[in-house]
>>> print(open('input14.cif').read())   # mmCIF, C-alpha atoms and all ligand atoms
data_run
loop_
_atom_site.label_atom_id
_atom_site.label_comp_id
_atom_site.auth_asym_id
_atom_site.auth_seq_id
_atom_site.Cartn_x
_atom_site.Cartn_y
_atom_site.Cartn_z
CA MET C 1260 -36.62 -41.87 -230.49
CA LYS C 1261 -35.40 -38.31 -230.89
CA LYS C 1262 -34.15 -36.93 -234.23
CA VAL C 1263 -30.39 -36.30 -234.02
CA GLY C 1264 -28.37 -33.91 -236.17
CA ILE C 1265 -25.01 -32.21 -236.46
CA ILE C 1266 -25.28 -28.64 -235.18
CA GLY C 1267 -21.66 -27.50 -235.59
CA VAL C 1268 -18.39 -28.62 -237.16
CA GLY C 1269 -14.71 -27.75 -236.72
CA GLU C 1270 -11.27 -28.72 -237.96
CA TYR C 1271 -7.59 -28.25 -237.32
CA LEU C 1272 -4.74 -29.03 -239.69
CA PRO C 1273 -1.11 -28.76 -238.56
CA LYS C 1274 0.90 -25.95 -240.17
CA LYS C 1275 3.72 -28.04 -241.68
CA VAL C 1276 3.12 -28.99 -245.31
CA LEU C 1277 4.96 -32.00 -246.81
CA THR C 1278 4.79 -31.90 -250.60
CA ASN C 1279 5.38 -34.62 -253.17
CA ALA C 1280 8.58 -32.76 -254.10
CA ASP C 1281 9.75 -33.14 -250.47
CA LEU C 1282 9.01 -36.88 -250.66
CA GLU C 1283 11.00 -37.16 -253.90
CA ARG C 1284 14.03 -36.20 -251.80
CA MET C 1285 13.23 -38.80 -249.11
CA VAL C 1286 12.36 -42.00 -251.05
CA ASP C 1287 12.45 -43.35 -254.62
CA THR C 1288 9.18 -41.79 -255.80
CA SER C 1289 7.91 -39.01 -258.05
CA ASP C 1290 5.23 -36.36 -258.00
CA GLU C 1291 3.91 -37.96 -261.20
CA TRP C 1292 3.52 -41.41 -259.54
CA ILE C 1293 1.90 -40.09 -256.37
CA THR C 1294 -0.47 -37.73 -258.20
CA SER C 1295 -1.58 -40.20 -260.85
CA ARG C 1296 -1.90 -43.19 -258.48
CA THR C 1297 -3.48 -41.43 -255.49
CA GLY C 1298 -4.52 -37.84 -256.26
CA ILE C 1299 -2.37 -36.56 -253.39
CA LYS C 1300 -0.17 -33.47 -253.86
CA GLU C 1301 0.64 -32.58 -250.27
CA ARG C 1302 -0.21 -33.51 -246.68
CA ARG C 1303 0.10 -31.91 -243.23
CA ILE C 1304 2.52 -33.14 -240.57
CA ALA C 1305 2.09 -32.43 -236.87
CA ALA C 1306 4.87 -30.60 -235.03
CA LYS C 1307 7.05 -32.61 -232.62
CA ASN C 1308 5.18 -31.19 -229.63
CA GLU C 1309 1.70 -31.82 -231.11
CA ALA C 1310 -0.17 -34.98 -230.09
CA ALA C 1311 -3.66 -36.17 -231.07
CA SER C 1312 -5.32 -34.37 -228.15
CA ASP C 1313 -3.71 -31.05 -229.16
CA LEU C 1314 -5.15 -31.26 -232.68
CA GLY C 1315 -8.45 -32.64 -231.42
CA LEU C 1316 -8.85 -29.87 -228.87
CA LYS C 1317 -8.52 -27.15 -231.52
CA ALA C 1318 -11.04 -28.84 -233.82
CA ALA C 1319 -13.39 -29.41 -230.86
CA ARG C 1320 -13.25 -25.75 -229.76
CA GLN C 1321 -14.16 -24.64 -233.29
CA ALA C 1322 -17.08 -27.09 -233.49
CA LEU C 1323 -18.37 -25.95 -230.09
CA HIS C 1324 -18.07 -22.30 -231.14
CA GLU C 1325 -19.92 -22.98 -234.42
CA SER C 1326 -22.71 -24.81 -232.59
CA GLY C 1327 -23.06 -22.20 -229.84
CA ILE C 1328 -22.58 -24.93 -227.22
CA LYS C 1329 -20.40 -24.42 -224.14
CA PRO C 1330 -18.06 -27.24 -223.00
CA HIS C 1331 -20.03 -27.66 -219.77
CA ASP C 1332 -23.16 -28.44 -221.87
CA LEU C 1333 -21.49 -31.61 -223.19
CA ASP C 1334 -22.67 -34.98 -221.84
CA LEU C 1335 -20.61 -37.18 -224.15
CA ILE C 1336 -17.20 -36.96 -225.86
CA ILE C 1337 -16.20 -39.67 -228.35
CA VAL C 1338 -12.84 -39.54 -230.09
CA ALA C 1339 -12.21 -41.75 -233.12
CA THR C 1340 -8.49 -42.37 -233.40
CA ILE C 1341 -5.84 -45.04 -233.97
CA THR C 1342 -3.06 -42.66 -232.93
CA PRO C 1343 -3.93 -41.62 -229.37
CA ASP C 1344 -1.44 -39.58 -227.32
CA MET C 1345 -0.64 -42.80 -225.40
CA GLN C 1346 -2.16 -46.29 -225.01
CA PHE C 1347 -4.29 -44.96 -222.18
CA PRO C 1348 -6.00 -42.89 -220.92
CA SER C 1349 -8.30 -42.04 -223.80
CA VAL C 1350 -7.93 -38.90 -225.90
CA ALA C 1351 -11.57 -38.21 -225.01
CA SER C 1352 -10.60 -37.90 -221.33
CA MET C 1353 -7.83 -35.47 -222.33
CA LEU C 1354 -10.35 -33.37 -224.25
CA GLN C 1355 -12.66 -33.39 -221.23
CA GLN C 1356 -9.82 -31.88 -219.22
CA GLY C 1357 -8.69 -29.51 -222.00
CA LEU C 1358 -12.21 -28.18 -222.51
CA SER C 1359 -12.97 -28.14 -218.76
CA ALA C 1360 -16.11 -30.14 -219.52
CA LYS C 1361 -18.11 -31.35 -216.53
CA LYS C 1362 -17.02 -34.42 -214.58
CA ASP C 1363 -20.02 -36.59 -215.47
CA THR C 1364 -19.31 -36.26 -219.20
CA ILE C 1365 -19.09 -39.76 -220.71
CA CYS C 1366 -15.68 -40.01 -222.43
CA PHE C 1367 -14.23 -42.80 -224.56
CA ASP C 1368 -12.25 -43.46 -227.74
CA ILE C 1369 -13.32 -45.60 -230.68
CA SER C 1370 -10.83 -47.64 -232.69
CA ALA C 1371 -12.33 -48.07 -236.14
CA ALA C 1372 -9.48 -46.62 -238.20
CA CYS C 1373 -10.62 -44.73 -241.31
CA ALA C 1374 -14.29 -45.46 -240.57
CA GLY C 1375 -13.86 -44.18 -237.01
CA PHE C 1376 -15.62 -40.86 -237.48
CA VAL C 1377 -18.70 -42.58 -238.95
CA TYR C 1378 -18.64 -45.19 -236.16
CA ALA C 1379 -18.43 -42.38 -233.58
CA ILE C 1380 -21.29 -40.40 -235.17
CA ALA C 1381 -23.47 -43.54 -235.19
CA THR C 1382 -22.62 -44.22 -231.54
CA ALA C 1383 -23.31 -40.67 -230.37
CA GLN C 1384 -26.60 -40.72 -232.26
CA GLN C 1385 -27.77 -43.71 -230.17
CA PHE C 1386 -27.07 -41.93 -226.88
CA ILE C 1387 -28.98 -38.79 -227.95
CA ALA C 1388 -31.85 -40.60 -229.71
CA ARG C 1389 -32.63 -42.51 -226.52
CA GLY C 1390 -32.60 -39.34 -224.46
CA ASN C 1391 -29.55 -40.35 -222.36
CA VAL C 1392 -27.46 -37.46 -223.63
CA LYS C 1393 -28.31 -33.94 -224.80
CA TYR C 1394 -25.09 -32.74 -226.44
CA ALA C 1395 -22.28 -34.92 -227.82
CA LEU C 1396 -18.88 -33.98 -229.20
CA VAL C 1397 -17.42 -36.34 -231.80
CA VAL C 1398 -13.80 -35.91 -232.93
CA GLY C 1399 -11.85 -37.71 -235.66
CA VAL C 1400 -8.15 -37.11 -235.13
CA GLU C 1401 -4.98 -38.78 -236.36
CA ILE C 1402 -1.24 -38.24 -236.28
CA LEU C 1403 -0.50 -40.93 -238.84
CA SER C 1404 2.99 -39.48 -239.31
CA SER C 1405 3.80 -41.16 -235.96
CA LEU C 1406 3.04 -44.60 -237.48
CA THR C 1407 4.61 -43.91 -240.88
CA ASP C 1408 7.79 -45.63 -242.05
CA TRP C 1409 9.49 -42.76 -243.84
CA LYS C 1410 11.72 -45.25 -245.68
CA ASP C 1411 8.79 -47.20 -247.18
CA ARG C 1412 7.62 -45.56 -250.41
CA ASN C 1413 4.58 -47.88 -250.55
CA THR C 1414 3.02 -46.14 -247.57
CA CYS C 1415 4.84 -42.92 -246.63
CA VAL C 1416 3.44 -40.95 -249.57
CA LEU C 1417 -0.16 -41.64 -248.53
CA PHE C 1418 -0.77 -40.36 -245.02
CA GLY C 1419 -1.23 -37.06 -243.22
CA ASP C 1420 -2.23 -35.57 -239.86
CA GLY C 1421 -5.34 -33.62 -238.91
CA ALA C 1422 -8.50 -33.35 -236.84
CA GLY C 1423 -12.17 -32.72 -237.47
CA ALA C 1424 -15.03 -32.42 -235.01
CA ALA C 1425 -18.82 -32.30 -234.88
CA VAL C 1426 -21.35 -31.45 -232.17
CA LEU C 1427 -24.51 -33.55 -232.20
CA ALA C 1428 -27.85 -32.75 -230.57
CA GLU C 1429 -31.59 -33.28 -230.96
CA VAL C 1430 -32.99 -31.46 -234.00
CA ASN C 1431 -36.57 -30.64 -234.98
CA SER C 1432 -36.34 -31.86 -238.55
CA GLY C 1433 -33.94 -33.84 -240.75
CA GLY C 1434 -30.78 -35.02 -239.01
CA ILE C 1435 -29.29 -38.49 -239.25
CA LEU C 1436 -31.65 -40.60 -241.37
CA SER C 1437 -29.71 -43.86 -241.29
CA THR C 1438 -26.37 -45.49 -240.52
CA TYR C 1439 -24.74 -48.72 -241.62
CA LEU C 1440 -21.57 -50.11 -240.00
CA GLY C 1441 -19.72 -53.34 -240.74
CA CYS C 1442 -16.49 -55.29 -240.33
CA ASP C 1443 -14.58 -58.20 -241.88
CA GLY C 1444 -11.95 -59.12 -239.30
CA ALA C 1445 -10.72 -62.02 -241.43
CA LYS C 1446 -8.89 -59.50 -243.65
CA SER C 1447 -7.29 -57.54 -240.81
CA ASP C 1448 -3.79 -58.51 -241.98
CA LEU C 1449 -4.11 -56.30 -245.07
CA LEU C 1450 -3.58 -53.15 -242.98
CA TYR C 1451 -2.09 -53.13 -239.49
CA VAL C 1452 0.72 -52.14 -237.16
CA PRO C 1453 2.37 -55.35 -235.88
CA ALA C 1454 4.12 -54.15 -232.71
CA GLY C 1455 3.43 -51.94 -229.74
CA GLY C 1456 0.36 -53.76 -228.45
CA SER C 1457 0.00 -56.73 -226.08
CA ARG C 1458 0.68 -59.21 -228.92
CA MET C 1459 4.15 -57.81 -229.56
CA PRO C 1460 5.22 -55.27 -226.94
CA ALA C 1461 8.00 -52.86 -227.85
CA THR C 1462 11.55 -54.21 -227.74
CA LYS C 1463 14.78 -53.05 -229.35
CA GLU C 1464 14.22 -55.76 -231.97
CA THR C 1465 10.70 -54.59 -232.88
CA VAL C 1466 12.02 -51.06 -233.27
CA ASN C 1467 14.99 -52.17 -235.38
CA LYS C 1468 12.66 -54.20 -237.63
CA HIS C 1469 10.31 -51.22 -238.17
CA LEU C 1470 7.40 -53.19 -236.70
CA HIS C 1471 5.80 -50.11 -235.14
CA TYR C 1472 4.89 -48.74 -238.55
CA ILE C 1473 1.89 -49.23 -240.83
CA LYS C 1474 2.04 -52.38 -242.99
CA MET C 1475 -0.34 -52.36 -245.92
CA GLN C 1476 -1.19 -54.49 -248.95
CA GLY C 1477 -2.45 -51.54 -250.94
CA ASN C 1478 -3.59 -53.15 -254.16
CA GLU C 1479 -5.66 -55.83 -252.32
CA LEU C 1480 -7.29 -53.13 -250.19
CA PHE C 1481 -7.97 -51.02 -253.26
CA LYS C 1482 -10.47 -53.50 -254.69
CA ILE C 1483 -12.15 -54.21 -251.35
CA ALA C 1484 -12.42 -50.49 -250.57
CA ILE C 1485 -14.39 -49.86 -253.78
CA LEU C 1486 -16.80 -52.74 -253.12
CA SER C 1487 -17.23 -51.96 -249.40
CA MET C 1488 -17.80 -48.23 -249.83
CA THR C 1489 -20.25 -48.81 -252.67
CA GLU C 1490 -22.21 -51.37 -250.66
CA ALA C 1491 -22.13 -49.27 -247.48
CA ALA C 1492 -23.56 -46.29 -249.37
CA GLN C 1493 -26.29 -48.41 -250.97
CA VAL C 1494 -27.34 -50.03 -247.68
CA ALA C 1495 -27.39 -46.73 -245.76
CA LEU C 1496 -29.44 -45.05 -248.52
CA LYS C 1497 -31.88 -47.98 -248.61
CA ARG C 1498 -32.29 -47.77 -244.82
CA ALA C 1499 -33.07 -44.06 -245.24
CA GLY C 1500 -35.62 -44.85 -247.96
CA LEU C 1501 -33.57 -42.88 -250.52
CA GLU C 1502 -31.94 -43.45 -253.91
CA CYS C 1503 -28.44 -42.46 -255.05
CA ALA C 1504 -30.07 -39.71 -257.14
CA ASP C 1505 -31.35 -38.08 -253.93
CA VAL C 1506 -27.82 -37.46 -252.63
CA ASP C 1507 -26.59 -33.85 -252.80
CA LEU C 1508 -23.06 -34.46 -251.55
CA VAL C 1509 -20.93 -37.49 -250.67
CA ILE C 1510 -18.20 -37.06 -248.05
CA PRO C 1511 -16.05 -40.11 -248.78
CA HIS C 1512 -13.02 -41.37 -246.88
CA GLN C 1513 -10.03 -39.94 -248.73
CA ALA C 1514 -7.64 -42.89 -249.25
CA ASN C 1515 -7.24 -42.63 -253.00
CA VAL C 1516 -8.98 -40.47 -255.60
CA ARG C 1517 -9.21 -43.50 -257.89
CA ILE C 1518 -11.16 -45.41 -255.21
CA ILE C 1519 -13.50 -42.44 -254.73
CA ASN C 1520 -14.06 -42.03 -258.50
CA ALA C 1521 -14.77 -45.75 -258.90
CA VAL C 1522 -17.32 -45.67 -256.04
CA ALA C 1523 -18.97 -42.57 -257.52
CA LYS C 1524 -19.20 -44.28 -260.91
CA LYS C 1525 -20.78 -47.41 -259.40
CA LEU C 1526 -23.31 -45.22 -257.56
CA GLY C 1527 -23.98 -43.20 -260.72
CA LEU C 1528 -22.94 -39.93 -259.08
CA GLY C 1529 -21.19 -37.10 -260.95
CA GLU C 1530 -18.03 -35.30 -259.79
CA ASP C 1531 -20.08 -32.37 -258.54
CA LYS C 1532 -21.66 -34.66 -255.92
CA ILE C 1533 -18.33 -35.78 -254.42
CA TYR C 1534 -16.31 -33.76 -251.91
CA LEU C 1535 -12.54 -34.17 -252.18
CA ASN C 1536 -9.76 -32.87 -249.93
CA ILE C 1537 -7.23 -35.65 -250.59
CA GLU C 1538 -5.10 -33.45 -252.87
CA LYS C 1539 -4.14 -31.15 -249.97
CA TYR C 1540 -4.25 -33.51 -246.99
CA GLY C 1541 -3.75 -37.14 -248.12
CA ASN C 1542 -5.26 -39.97 -246.11
CA MET C 1543 -5.85 -38.85 -242.50
CA SER C 1544 -7.85 -41.94 -241.47
CA SER C 1545 -10.72 -40.92 -239.16
CA ALA C 1546 -9.85 -37.25 -239.64
CA SER C 1547 -10.42 -37.44 -243.42
CA THR C 1548 -14.21 -37.62 -243.32
CA ALA C 1549 -14.31 -35.33 -240.28
CA THR C 1550 -12.31 -32.51 -241.90
CA ALA C 1551 -13.98 -33.00 -245.29
CA LEU C 1552 -17.42 -32.58 -243.70
CA CYS C 1553 -16.28 -29.40 -241.94
CA GLN C 1554 -14.70 -27.95 -245.08
CA ALA C 1555 -17.76 -28.77 -247.19
CA VAL C 1556 -19.94 -26.88 -244.69
CA LYS C 1557 -17.56 -23.89 -244.54
CA GLU C 1558 -17.36 -23.71 -248.35
CA GLY C 1559 -21.15 -23.67 -248.67
CA ARG C 1560 -21.22 -27.03 -250.44
CA ILE C 1561 -23.79 -28.24 -247.88
CA LYS C 1562 -27.00 -26.26 -247.45
CA LYS C 1563 -29.99 -26.74 -245.18
CA GLY C 1564 -32.16 -29.60 -246.45
CA ASP C 1565 -29.32 -31.25 -248.42
CA ILE C 1566 -28.89 -35.02 -248.29
CA VAL C 1567 -25.30 -35.74 -247.24
CA LEU C 1568 -23.74 -39.20 -247.36
CA LEU C 1569 -20.67 -40.04 -245.23
CA ASP C 1570 -18.94 -43.14 -246.61
CA ALA C 1571 -15.77 -44.67 -245.16
CA PHE C 1572 -13.58 -47.77 -245.18
CA GLY C 1573 -10.41 -48.80 -243.38
CA ALA C 1574 -8.30 -51.15 -241.26
CA GLY C 1575 -10.23 -53.86 -239.50
CA LEU C 1576 -11.41 -54.14 -242.16
CA VAL C 1577 -14.27 -51.81 -241.27
CA TRP C 1578 -16.71 -49.70 -243.20
CA GLY C 1579 -19.47 -47.27 -242.36
CA ALA C 1580 -21.96 -44.98 -244.05
CA CYS C 1581 -24.34 -42.40 -242.67
CA VAL C 1582 -27.11 -40.47 -244.41
CA ILE C 1583 -27.86 -37.03 -243.00
CA LYS C 1584 -30.53 -34.52 -243.97
CA TRP C 1585 -28.75 -31.24 -243.20
O1 LIG Z 1601 -7.37 -45.89 -245.76
C1 LIG Z 1601 -8.12 -47.01 -246.04
C2 LIG Z 1601 -7.37 -48.19 -246.50
N1 LIG Z 1601 -6.40 -47.93 -247.52
C3 LIG Z 1601 -6.71 -47.99 -248.80
O2 LIG Z 1601 -7.83 -48.18 -249.16
C4 LIG Z 1601 -5.56 -47.89 -249.78
C5 LIG Z 1601 -5.90 -48.63 -251.03
N2 LIG Z 1601 -4.78 -48.78 -251.95
C6 LIG Z 1601 -4.30 -47.78 -252.72
O3 LIG Z 1601 -4.70 -46.66 -252.62
C7 LIG Z 1601 -3.27 -48.15 -253.78
O4 LIG Z 1601 -3.17 -49.55 -253.86
C8 LIG Z 1601 -1.86 -47.55 -253.51
C9 LIG Z 1601 -1.86 -46.06 -253.75
C10 LIG Z 1601 -1.42 -47.85 -252.10
C11 LIG Z 1601 -0.84 -48.17 -254.48
O5 LIG Z 1601 -1.26 -47.98 -255.82
P1 LIG Z 1601 -1.30 -49.21 -256.84
O6 LIG Z 1601 -1.71 -48.67 -258.13
O7 LIG Z 1601 -2.15 -50.28 -256.22
O8 LIG Z 1601 0.22 -49.65 -256.89
P2 LIG Z 1601 0.91 -51.04 -256.47
O9 LIG Z 1601 0.94 -51.18 -254.99
O10 LIG Z 1601 0.30 -52.15 -257.26
O11 LIG Z 1601 2.38 -50.81 -256.99
C12 LIG Z 1601 2.64 -50.61 -258.38
C13 LIG Z 1601 4.11 -50.27 -258.54
C14 LIG Z 1601 5.05 -51.23 -257.80
O12 LIG Z 1601 6.19 -51.43 -258.60
P3 LIG Z 1601 6.38 -52.76 -259.48
O13 LIG Z 1601 6.35 -53.89 -258.51
O14 LIG Z 1601 5.21 -52.77 -260.42
O15 LIG Z 1601 7.69 -52.55 -260.15
C15 LIG Z 1601 5.43 -50.46 -256.56
O16 LIG Z 1601 6.68 -50.85 -256.06
O17 LIG Z 1601 4.38 -48.97 -257.99
C16 LIG Z 1601 5.49 -49.05 -257.09
N3 LIG Z 1601 5.32 -48.03 -256.06
C17 LIG Z 1601 5.80 -46.79 -256.18
N4 LIG Z 1601 6.49 -46.17 -257.15
C18 LIG Z 1601 6.82 -44.89 -256.97
C19 LIG Z 1601 4.68 -48.16 -254.89
N5 LIG Z 1601 4.74 -46.99 -254.21
C20 LIG Z 1601 5.44 -46.14 -254.99
C21 LIG Z 1601 5.81 -44.79 -254.86
N6 LIG Z 1601 6.49 -44.20 -255.87
N7 LIG Z 1601 5.51 -44.07 -253.77
#
>>> encode(input="input14.cif", output="structure tokens", more="lines below")
Ligand code: UT7
Amino acid sequence: MKKVGIIGVGEYLPKKVLTNADLERMVDTSDEWITSRTGIKERRIAAKNEAASDLGLKAARQALHESGIKPHDLDLIIVATITPDMQFPSVASMLQQGLSAKKDTICFDISAACAGFVYAIATAQQFIARGNVKYALVVGVEILSSLTDWKDRNTCVLFGDGAGAAVLAEVNSGGILSTYLGCDGAKSDLLYVPAGGSRMPATKETVNKHLHYIKMQGNELFKIAILSMTEAAQVALKRAGLECADVDLVIPHQANVRIINAVAKKLGLGEDKIYLNIEKYGNMSSASTATALCQAVKEGRIKKGDIVLLDAFGAGLVWGACVIKW
């Protein structure tokens, strides 16, 4: 099996900023509540003419540039998203066209919500490790504003839009040391969008009843998120033959700063070992870990030889962790 690493990262965040003060004018909420309960101050919102593939393409181009790889070198494109441009075709196929990648590039989307980027990294790793693929592009992109009920204060203050990307290839040393993915489908009703699929196709009634928006039992998820992310990190580190103390930086899914702090405490990791971008971008599902990884690299928080832990949890319920020696 070949060693597989990340050789370039990229990101794109839409220009429009929606602040807590803006939300105070839209629903019965306050900057104080949002900040103290979630750690979020502002989030980005895609423009009306921006779809997932538009954001994903910009992040992908940056990751390709950073890695020195040309689009025609790609053999595999995986997009992790729950907000594709349309039900089909895949966003990955749109990126293949947008990048003018070659026609035998394998292209597909992964639906693993907030753990999607970790699921996609783990999947791409398998293709490269077995020698089936040389270069893979993995993108985490979401336009959660398209699934947000802007009249529901329980959810509308939480989410944002964005895209992050990574190029994976064989590396001589380090790379992905371990992954751990899991799912508990029995709890899928804690976070879902009821309508718009084959179970409940769109009708006037589903639209009138706001059934195309995210429904979430936040406080139930809160507890499960802490346990799942802690366990995922521990299992992935064990599989890599490492201890929590070996970790240089954790890139956690950014759903709530209180969840992240609780996980860090359980793992015995100080604040300096945790990367946060939730304050500026909110919860961007699969794009949260993807953009956070890119920003951590750009800011010099990740150096060659560092042990980096990706740790995510989301609708499904799904979770995933990945240990990388940079
Ligand atoms: O992305 C991966 C999956 N998602 C998660 O992991 C999310 C996990 N959950 C959370 O982050 C938190 O549960 C939330 C941020 C969603 C909510 O925080 P909480 O501390 O669990 O609050 P709560 O839902 O228990 O609500 C407490 C109170 C309620 O009022 P009452 O019933 O106590 O009078 C809510 O109605 O806060 C109220 N509330 C708000 N008040 C002001 C809920 N949303 C708001 C709001 N502004 N935006």
>>> residues_near_ligand(input="input14.cif", ligand="ligand LIG 1601 (chain Z)", cutoff="7 Å", atoms="all atoms listed in the file", output="ChimeraX atom specification")
/C:1287-1289,1292-1293,1296-1297,1373,1412-1414,1416,1477-1481,1484,1514-1515,1542,1544,1572-1574
>>> residues_around(input="input14.cif", residues="Ser1545 (chain C)", least_positions_apart="2", cutoff="8 Å", atoms="all atoms listed in the file", output="number ranges by chain")
C: 1339-1340, 1371-1376, 1399-1401, 1543, 1547-1549
>>> residues_near_point(input="input14.cif", point="(-16.8, -27.0, -226.0)", cutoff="12 Å", atoms="only C-alpha atoms", output="VMD selection string")
chain C and resid 1267 to 1269 1315 to 1336 1354 to 1361 1364 1394 to 1398 1424 to 1427
>>> atom_distance(input="input14.cif", atom1="CA of Lys1482 (chain C)", atom2="CA of Thr1278 (chain C)")
26.8 Å
>>> residues_around(input="input14.cif", residues="region 1448-1452 of chain C", least_positions_apart="5", cutoff="7 Å", atoms="all atoms listed in the file", output="PyMOL selection string")
chain C and resi 1470-1476+1480+1574
>>> write_last_selection(input="input14.cif", atoms="C-alpha atoms", output="compact mmCIF listing (two decimals), in the coordinates of the input")
# COMPACT_ATOMS: atom_id res chain seq x y z
CA LEU C 1470 7.40 -53.19 -236.70
CA HIS C 1471 5.80 -50.11 -235.14
CA TYR C 1472 4.89 -48.74 -238.55
CA ILE C 1473 1.89 -49.23 -240.83
CA LYS C 1474 2.04 -52.38 -242.99
CA MET C 1475 -0.34 -52.36 -245.92
CA GLN C 1476 -1.19 -54.49 -248.95
CA LEU C 1480 -7.29 -53.13 -250.19
CA ALA C 1574 -8.30 -51.15 -241.26
>>> atom_distance(input="input14.cif", atom1="CA of Gly1390 (chain C)", atom2="CA of Arg1498 (chain C)")
22.0 Å
>>> closest_residue(input="input14.cif", among="C:Pro1453, C:Gly1298, C:Gly1579, C:Pro1343", to="Ile1537 (chain C)", atoms="all atoms listed in the file")
C:Gly1298
>>> residues_around(input="input14.cif", residues="Ala1310 (chain C)", least_positions_apart="5", cutoff="8 Å", atoms="all atoms listed in the file", output="PyMOL selection string")
chain C and resi 1305+1343-1344+1402
>>> closest_residue(input="input14.cif", among="C:Ile1266, C:Ile1380, C:Ile1483, C:Ala1422", to="Ser1312 (chain C)", atoms="only C-alpha atoms")
C:Ala1422
>>> atom_distance(input="input14.cif", atom1="CA of Glu1530 (chain C)", atom2="CA of Ala1555 (chain C)")
14.2 Å
>>> axis_aligned_box(input="input14.cif", around="region 1329-1335 of chain C", padding_each_side="6 Å", output="lines of an AutoDock Vina configuration file")
center_x = -20.6
center_y = -30.8
center_z = -222.0
size_x = 17.1
size_y = 24.8
size_z = 16.4
>>> residues_near_point(input="input14.cif", point="(5.0, -41.0, -238.1)", cutoff="9 Å", atoms="all atoms listed in the file", output="PyMOL selection string")
chain C and resi 1304+1402-1409+1415+1419+1472
>>> write_last_selection(input="input14.cif", atoms="C-alpha atoms", output="PDB file, in the coordinates of the input")
ATOM      1  CA  ILE C1304       2.520 -33.140-240.570  1.00  0.00           C
ATOM      2  CA  ILE C1402      -1.240 -38.240-236.280  1.00  0.00           C
ATOM      3  CA  LEU C1403      -0.500 -40.930-238.840  1.00  0.00           C
ATOM      4  CA  SER C1404       2.990 -39.480-239.310  1.00  0.00           C
ATOM      5  CA  SER C1405       3.800 -41.160-235.960  1.00  0.00           C
ATOM      6  CA  LEU C1406       3.040 -44.600-237.480  1.00  0.00           C
ATOM      7  CA  THR C1407       4.610 -43.910-240.880  1.00  0.00           C
ATOM      8  CA  ASP C1408       7.790 -45.630-242.050  1.00  0.00           C
ATOM      9  CA  TRP C1409       9.490 -42.760-243.840  1.00  0.00           C
ATOM     10  CA  CYS C1415       4.840 -42.920-246.630  1.00  0.00           C
ATOM     11  CA  GLY C1419      -1.230 -37.060-243.220  1.00  0.00           C
ATOM     12  CA  TYR C1472       4.890 -48.740-238.550  1.00  0.00           C
TER      13      TYR C1472
END
>>> closest_residue(input="input14.cif", among="C:Leu1576, C:Val1286, C:Asn1308, C:Pro1348", to="Lys1446 (chain C)", atoms="only C-alpha atoms")
C:Leu1576
>>> closest_residue(input="input14.cif", among="C:Leu1528, C:Ile1533, C:Ala1306, C:Leu1417", to="Ala1504 (chain C)", atoms="all atoms listed in the file")
C:Leu1528
>>> closest_residue(input="input14.cif", among="C:Arg1284, C:Leu1314, C:Gln1346, C:Asp1368", to="Ser1457 (chain C)", atoms="all atoms listed in the file")
C:Gln1346
>>> residues_around(input="input14.cif", residues="Gly1433 (chain C)", least_positions_apart="2", cutoff="7 Å", atoms="all atoms listed in the file", output="number ranges by chain")
C: 1435, 1584-1585
>>> closest_residue(input="input14.cif", among="C:Val1509, C:Ala1571, C:Val1582, C:Leu1526", to="Met1488 (chain C)", atoms="only C-alpha atoms")
C:Ala1571
>>> residues_around(input="input14.cif", residues="Lys1497 (chain C)", least_positions_apart="5", cutoff="9 Å", atoms="all atoms listed in the file", output="VMD selection string")
chain C and resid 1437 1492 1502
>>> write_last_selection(input="input14.cif", atoms="C-alpha atoms", output="PDB file, keeping the file's coordinate frame")
ATOM      1  CA  SER C1437     -29.710 -43.860-241.290  1.00  0.00           C
ATOM      2  CA  ALA C1492     -23.560 -46.290-249.370  1.00  0.00           C
ATOM      3  CA  GLU C1502     -31.940 -43.450-253.910  1.00  0.00           C
TER       4      GLU C1502
END
>>> decode(input="input14.cif", residues="region 1361-1380 of chain C", atoms="C-alpha atoms", output="PDB file, in the first residue's frame")
ATOM      1  CA  LYS C1361      -9.892  14.484 -18.456  1.00  0.00           C
ATOM      2  CA  LYS C1362     -12.877  12.312 -19.377  1.00  0.00           C
ATOM      3  CA  ASP C1363     -11.738   9.198 -17.514  1.00  0.00           C
ATOM      4  CA  THR C1364     -11.594  11.069 -14.204  1.00  0.00           C
ATOM      5  CA  ILE C1365     -13.708   9.173 -11.640  1.00  0.00           C
ATOM      6  CA  CYS C1366     -16.299  11.643 -10.290  1.00  0.00           C
ATOM      7  CA  PHE C1367     -18.844  11.214  -7.516  1.00  0.00           C
ATOM      8  CA  ASP C1368     -20.376  12.978  -4.514  1.00  0.00           C
ATOM      9  CA  ILE C1369     -20.454  11.732  -0.932  1.00  0.00           C
ATOM     10  CA  SER C1370     -23.386  12.440   1.382  1.00  0.00           C
ATOM     11  CA  ALA C1371     -22.011  12.315   4.905  1.00  0.00           C
ATOM     12  CA  ALA C1372     -23.086  15.778   6.075  1.00  0.00           C
ATOM     13  CA  CYS C1373     -20.628  17.438   8.471  1.00  0.00           C
ATOM     14  CA  ALA C1374     -18.305  14.408   8.396  1.00  0.00           C
ATOM     15  CA  GLY C1375     -18.334  14.452   4.582  1.00  0.00           C
ATOM     16  CA  PHE C1376     -14.865  15.906   4.095  1.00  0.00           C
ATOM     17  CA  VAL C1377     -13.318  13.245   6.358  1.00  0.00           C
ATOM     18  CA  TYR C1378     -15.327  10.507   4.601  1.00  0.00           C
ATOM     19  CA  ALA C1379     -14.114  11.827   1.232  1.00  0.00           C
ATOM     20  CA  ILE C1380     -10.461  12.007   2.348  1.00  0.00           C
TER      21      ILE C1380
END
